[in-house]
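A short worksheet on the structure shown next.
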Amino acid sequence: MSIERRGLIAIVLSMGLWFAYDAIYLSPKMDREKAQRAHEMAIADSIATANGLTATPVAGVASAETPPALEPYMAPSDTAGLAAAELPLADEVNAVEFTVVSDLYEMVLTTRGGELVSARLLKYETNNEPVELFAQDPDWTQRRVLNLSLDGPTSAIPLGAVAFDAYVGAGTTPILAGSRITIDPNSDQTLITFRAQTPGGVVERTYRFYPGRYDIEVGVQFDESAFPGAQSATWSLGPGMTTTENNVKDDRQNFRASVQLGEEFKRKKSGDYAHDNRDTYSGTLSWASVQTKYFTTAIIAEPPTRADVEISGNKEGHRITAKVTLPTVSQRGIATQKIRVYIGPLEADFIKALGVGLERSIEMGWSLIRPVSWGILWAMKKIYKVIPNYGWVIIIISVLAKVLFYRLTHKSFKSMKEMQDLSPRLQAIKEKYKDDRQKISEETMKAYREAGVNPLGGCLPMVLQMPVFIALFNVLKFTIEVRGAHWFGWINDLSQQDILFTLPISLPLIGDGFSLLPILMGGAMLAQSKLGGSPTGGPTAQTPAGFQTMLPIVFTFLFYKMPSGLVLYWLVNTVLSAVQQYYIHRGTDKDDADEEKNAEEPRKPRNSKRRLETNER
């Protein structure tokens with residue numbers, strides 16, 4: 001059986017497994033896990049009731065109605081003598097919420113715990129509204145972003161329910177509910193201070209906002225007499241981030257949590273937490289982050305500090321989060337700790353400006369591919385400054401890539417044509433020596449040598465181009481530059497599927513959106529195959545019947561819901577390849593015709609010469 005036939009069978013089987021996977025494996029498995037979580041939740045409720053507590057769902061332990069939380073309920077406990085019950089507490093109803101506004105974002109803070117409630121990015125939109133990074137569903141807010149606890153040797157006190165008063169800078173008038181505090185673009189920073197009085201002293205949480213930047217400085221300061229024995233503080237990213245894209249499924253597939261400890265880089269996705277729901281790491285922390293496809297929230301240690309990091313997730317709830325434990329610094333009876341927090345887009349310029357290597361969290365492929373991906377992104381941004389339309393930028397990049405690999409592609413197509421011309425002879429060899437495999441191999445290699453054809457000549461050039469193709473795929477699929485980028489007409493977001501109109505019914509694999517670019521791409525691939533090209537890089541004469549028709553159809557469905565920018569690139573690349581292939585075949589056919597013509601002409605000069613000699617005599 002030929003390689004191409006096996007490839008066709010593999011594609012068909014893969015599609016069949018794709019349809020069968022959910023019904024045969026995934027759905028029963030999810031039902032079993034749901035039943036197990038319900039059982040565990042009942043046990044947790046019983047324990048909580050016995051201890052007089054109200055249990056908060058534990059990661060991976062939730063009812064079917066309540067989305068699973070990622071952090072367990074932390075009961076009030078003593079930290080070296082101070083009871084948490086002595087702290088001033090506040091509920092959600094009495095908490096004061098106010099908004100900090102810059103030209104980049106609006107962030108809502110609350111005096112309950114001094115935590116972050118909401119972050120809306122004004123430069124990015126979803127459904128004509130600023131992107132919201134943190135879900136506002138109450139089920140998600142049992143632990144908010146930048147939730148903080150002070151840790152002793154054996155126990156910890158959470159500050160999430162502590163009643164703070166909030167002040168601007170060193171002011172003495174508390175901020176009122178609903179206030180909007182605008183960051184002064186002419187000032188270096190804007191300081192928000194949360195202050196609470198405890199029986200043993202004062203505890204403060206501070207936020208420093210900077211104009212024109214997505215990163216903020218967050219700190220905690222407390223009298224050691226208020227929390228005797230507290231040696232570290234744990235910062236949590238709460239329940240993680242919520243989806244920001246219309247294509248919710250695609251966005252959730254890209255939920256990640258990453259951590260950089262020294263030279264060690266760890267990355268986890270929510271799908272990794274089907275069973276165990278947490279991983280712990282220790283080392284010299286540079287940063288820890290959670291992210292969606294295009295946005296991230298990161299805790300940055302400055303300077304890099306010895307820390308403990310916990311990443312936890314839940315596959316069914318599509319959640320992933322992290323928390324970081326860092327030591328406090330004590331001086332004259334005051335303990336302090338400061339971190340930097342980046343809350344914003346995974347945009348290369350902003351991320352690299354942090355200077356901590358957070359750009360590693362941007363999906364750019366394997367280590368060998370990443371430099372190529374960054375180079376392509378750099379080129380796209382340079383072209384965009386001249387032609388501010390990423391649709392045309394993608395077309396230009398496609399043309400430049402084709403020019404760059406023109407000679408390699410030329411050799412590949414020429415080799416494919418030579419193999420196609422040689423295929424009748426190879427078929428004759430197979431029929432003549434059909435019972436002698438060794439003889440077939442010997443005669444086949446002899447035919448290759450006599451014809452001067454390299455059987456791998458059509459494949460090797462394609463292999464050399466693969467790093468660039470993969471890098472282009474990563475850049476067009478994962479970088480935020482193409483998010484919301486308009487090309488023309490109905491294609492108003494190159495990061496999303498192009499939908500020309502909505503169908504009255506939902507079809508398998510397609511859904512209810514009619515996309516034109518994937519259909520044009522499939523048509524271009526079919527036209528290329530009719531010109532004599534092979535999608536596998538081999539000679540067309542050796543491909544099984546129907547393979548060249550089947551593969552464009554498969555690719556059409558495969559690309560149907562992919563980002564329109566990626567489909568546009570593949571469409572342009574296919575059209576250019578077809579044009580190049582056409583001229584190569586036409587040139588090769590012309591050369592063959594010239595050779596046949598020249599093969600008949602040697603007699604004429606010899607006869608003319610004889611006639612000339614006869615006349616001379």
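Identifiers for the structure tokens are assigned positionally: chains receive A, B, ... in sequence, residues are indexed from 1 per chain, and ligands are indexed from 1 in the order shown.
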
Quick one: residues within 10 Å of segment 93-109 of chain A, only C-alpha atoms counted, chain neighbours fewer than 5 positions away excluded, as a PyMOL selection string?
chain A and resi 114-124+130-132+161-166+174-185+190+192+207+209-214+343-344

Determine, counting only C-alpha atoms, which protein, DNA and RNA residues have an atom within 9 Å of an atom of Leu568 of chain A; residues of the same chain fewer than 6 positions away are not included. Present the result as a PyMOL selection string.
chain A and resi 391+394-395+494+517-518+521

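The smallest atom-to-atom distance between Ser330 of chain A and any of A:Gln136, A:Thr409, A:Thr574, A:Ser225, using only C-alpha atoms, is found for A:Ser225.
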
When DSSP works through the backbone of this structure, what residues of segment 305-370 of chain A end up as helix (DSSP H, G or I), shown as an mmCIF file with all heavy atoms, in the first residue's frame?
```cif
data_model
loop_
_atom_site.group_PDB
_atom_site.id
_atom_site.type_symbol
_atom_site.label_atom_id
_atom_site.label_comp_id
_atom_site.auth_asym_id
_atom_site.auth_seq_id
_atom_site.Cartn_x
_atom_site.Cartn_y
_atom_site.Cartn_z
ATOM 1 N N ALA A 348 3.345 42.287 22.142
ATOM 2 C CA ALA A 348 4.788 42.126 22.274
ATOM 3 C C ALA A 348 5.477 43.367 22.836
ATOM 4 O O ALA A 348 6.331 43.259 23.719
ATOM 5 C CB ALA A 348 5.389 41.755 20.914
ATOM 6 N N ASP A 349 5.115 44.549 22.356
ATOM 7 C CA ASP A 349 5.808 45.758 22.797
ATOM 8 C C ASP A 349 5.607 46.013 24.284
ATOM 9 O O ASP A 349 6.549 46.338 25.010
ATOM 10 C CB ASP A 349 5.332 46.961 21.983
ATOM 11 C CG ASP A 349 5.777 46.889 20.534
ATOM 12 O OD1 ASP A 349 6.727 46.137 20.250
ATOM 13 O OD2 ASP A 349 5.168 47.573 19.687
ATOM 14 N N PHE A 350 4.375 45.867 24.761
ATOM 15 C CA PHE A 350 4.104 46.080 26.185
ATOM 16 C C PHE A 350 4.780 45.014 27.036
ATOM 17 O O PHE A 350 5.355 45.319 28.088
ATOM 18 C CB PHE A 350 2.593 46.061 26.446
ATOM 19 C CG PHE A 350 1.866 47.264 25.947
ATOM 20 C CD1 PHE A 350 0.934 47.156 24.939
ATOM 21 C CD2 PHE A 350 2.115 48.524 26.477
ATOM 22 C CE1 PHE A 350 0.256 48.271 24.459
ATOM 23 C CE2 PHE A 350 1.444 49.651 26.014
ATOM 24 C CZ PHE A 350 0.515 49.515 25.005
ATOM 25 N N ILE A 351 4.697 43.755 26.586
ATOM 26 C CA ILE A 351 5.250 42.650 27.365
ATOM 27 C C ILE A 351 6.770 42.749 27.458
ATOM 28 O O ILE A 351 7.365 42.592 28.534
ATOM 29 C CB ILE A 351 4.842 41.304 26.732
ATOM 30 C CG1 ILE A 351 3.327 41.112 26.798
ATOM 31 C CG2 ILE A 351 5.548 40.154 27.411
ATOM 32 C CD1 ILE A 351 2.791 40.861 28.164
ATOM 33 N N LYS A 352 7.424 43.022 26.336
ATOM 34 C CA LYS A 352 8.890 43.096 26.340
ATOM 35 C C LYS A 352 9.391 44.279 27.154
ATOM 36 O O LYS A 352 10.478 44.232 27.736
ATOM 37 C CB LYS A 352 9.416 43.184 24.904
ATOM 38 C CG LYS A 352 9.298 41.875 24.134
ATOM 39 C CD LYS A 352 9.926 41.993 22.755
ATOM 40 C CE LYS A 352 9.893 40.657 22.024
ATOM 41 N NZ LYS A 352 10.517 40.738 20.678
ATOM 42 N N ALA A 353 8.603 45.362 27.191
ATOM 43 C CA ALA A 353 9.013 46.543 27.948
ATOM 44 C C ALA A 353 9.127 46.260 29.445
ATOM 45 O O ALA A 353 9.821 46.985 30.163
ATOM 46 C CB ALA A 353 8.028 47.688 27.703
ATOM 47 N N LEU A 358 8.490 38.016 30.184
ATOM 48 C CA LEU A 358 7.102 37.566 30.159
ATOM 49 C C LEU A 358 6.639 37.241 28.740
ATOM 50 O O LEU A 358 5.658 36.513 28.552
ATOM 51 C CB LEU A 358 6.195 38.636 30.774
ATOM 52 C CG LEU A 358 4.714 38.282 30.956
ATOM 53 C CD1 LEU A 358 4.549 37.070 31.864
ATOM 54 C CD2 LEU A 358 3.935 39.473 31.508
ATOM 55 N N GLU A 359 7.366 37.721 27.722
ATOM 56 C CA GLU A 359 6.991 37.425 26.341
ATOM 57 C C GLU A 359 7.050 35.931 26.049
ATOM 58 O O GLU A 359 6.508 35.451 25.049
ATOM 59 C CB GLU A 359 7.881 38.184 25.355
ATOM 60 C CG GLU A 359 9.353 37.859 25.432
ATOM 61 C CD GLU A 359 10.107 38.748 26.417
ATOM 62 O OE1 GLU A 359 9.442 39.396 27.259
ATOM 63 O OE2 GLU A 359 11.344 38.777 26.359
ATOM 64 N N ARG A 360 7.709 35.177 26.922
ATOM 65 C CA ARG A 360 7.755 33.732 26.728
ATOM 66 C C ARG A 360 6.372 33.111 26.850
ATOM 67 O O ARG A 360 6.123 32.014 26.345
ATOM 68 C CB ARG A 360 8.705 33.099 27.751
ATOM 69 C CG ARG A 360 9.052 31.651 27.455
ATOM 70 C CD ARG A 360 10.198 31.165 28.299
ATOM 71 N NE ARG A 360 10.574 29.810 27.952
ATOM 72 C CZ ARG A 360 11.576 29.138 28.505
ATOM 73 N NH1 ARG A 360 12.317 29.727 29.436
ATOM 74 N NH2 ARG A 360 11.840 27.907 28.148
ATOM 75 N N SER A 361 5.460 33.794 27.514
ATOM 76 C CA SER A 361 4.102 33.267 27.664
ATOM 77 C C SER A 361 3.286 33.409 26.386
ATOM 78 O O SER A 361 2.228 32.799 26.260
ATOM 79 C CB SER A 361 3.381 33.968 28.824
ATOM 80 O OG SER A 361 3.205 35.342 28.548
ATOM 81 N N ARG A 370 10.434 29.655 17.557
ATOM 82 C CA ARG A 370 10.141 30.962 18.143
ATOM 83 C C ARG A 370 10.911 32.120 17.489
ATOM 84 O O ARG A 370 10.309 33.167 17.211
ATOM 85 C CB ARG A 370 10.402 30.935 19.652
ATOM 86 C CG ARG A 370 9.408 30.080 20.426
ATOM 87 C CD ARG A 370 9.724 30.077 21.912
ATOM 88 N NE ARG A 370 9.495 31.379 22.509
ATOM 89 C CZ ARG A 370 8.316 31.808 22.928
ATOM 90 N NH1 ARG A 370 7.247 31.042 22.802
ATOM 91 N NH2 ARG A 370 8.190 33.006 23.469
#
```

Could you tell me how far atom CA of Lys411 of chain A lies from atom CA of Ser441 of chain A, in Å and to one decimal?
24.6 Å

Nearest residue to Asn147 of chain A out of A:Thr325, A:Thr193, A:Gln253, A:Tyr583, using only C-alpha atoms?
A:Thr325

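Among the candidate residues A:Thr556, A:Thr297, A:Ser236, A:Asn247, the one lying nearest to Ser312 of chain A is A:Ser236, with distances computed using only C-alpha atoms.
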
Mind checking DSSP for segment 340-562 of chain A and telling me the strand (DSSP E or B) residues as a PyMOL selection string?
chain A and resi 340-345+488+491+501-507+511-514

Do you know which residues are at most 12 Å from Lys269 of chain A counting only C-alpha atoms, after dropping those on the same chain fewer than 5 positions away, and could you put them as a list in words?
Gly240, Asp251, Arg252, Gln253, Asn254, Phe255, Arg256, Ala257, Ser258, Ala274, Asn277, Arg278, Asp279, Ser289, Val290, Gln291, Thr292, Lys293, Ile311, Ser312, Gly313, Asn314, Lys315, His318, Arg319, Ile320, Thr321 and Ala322 of chain A
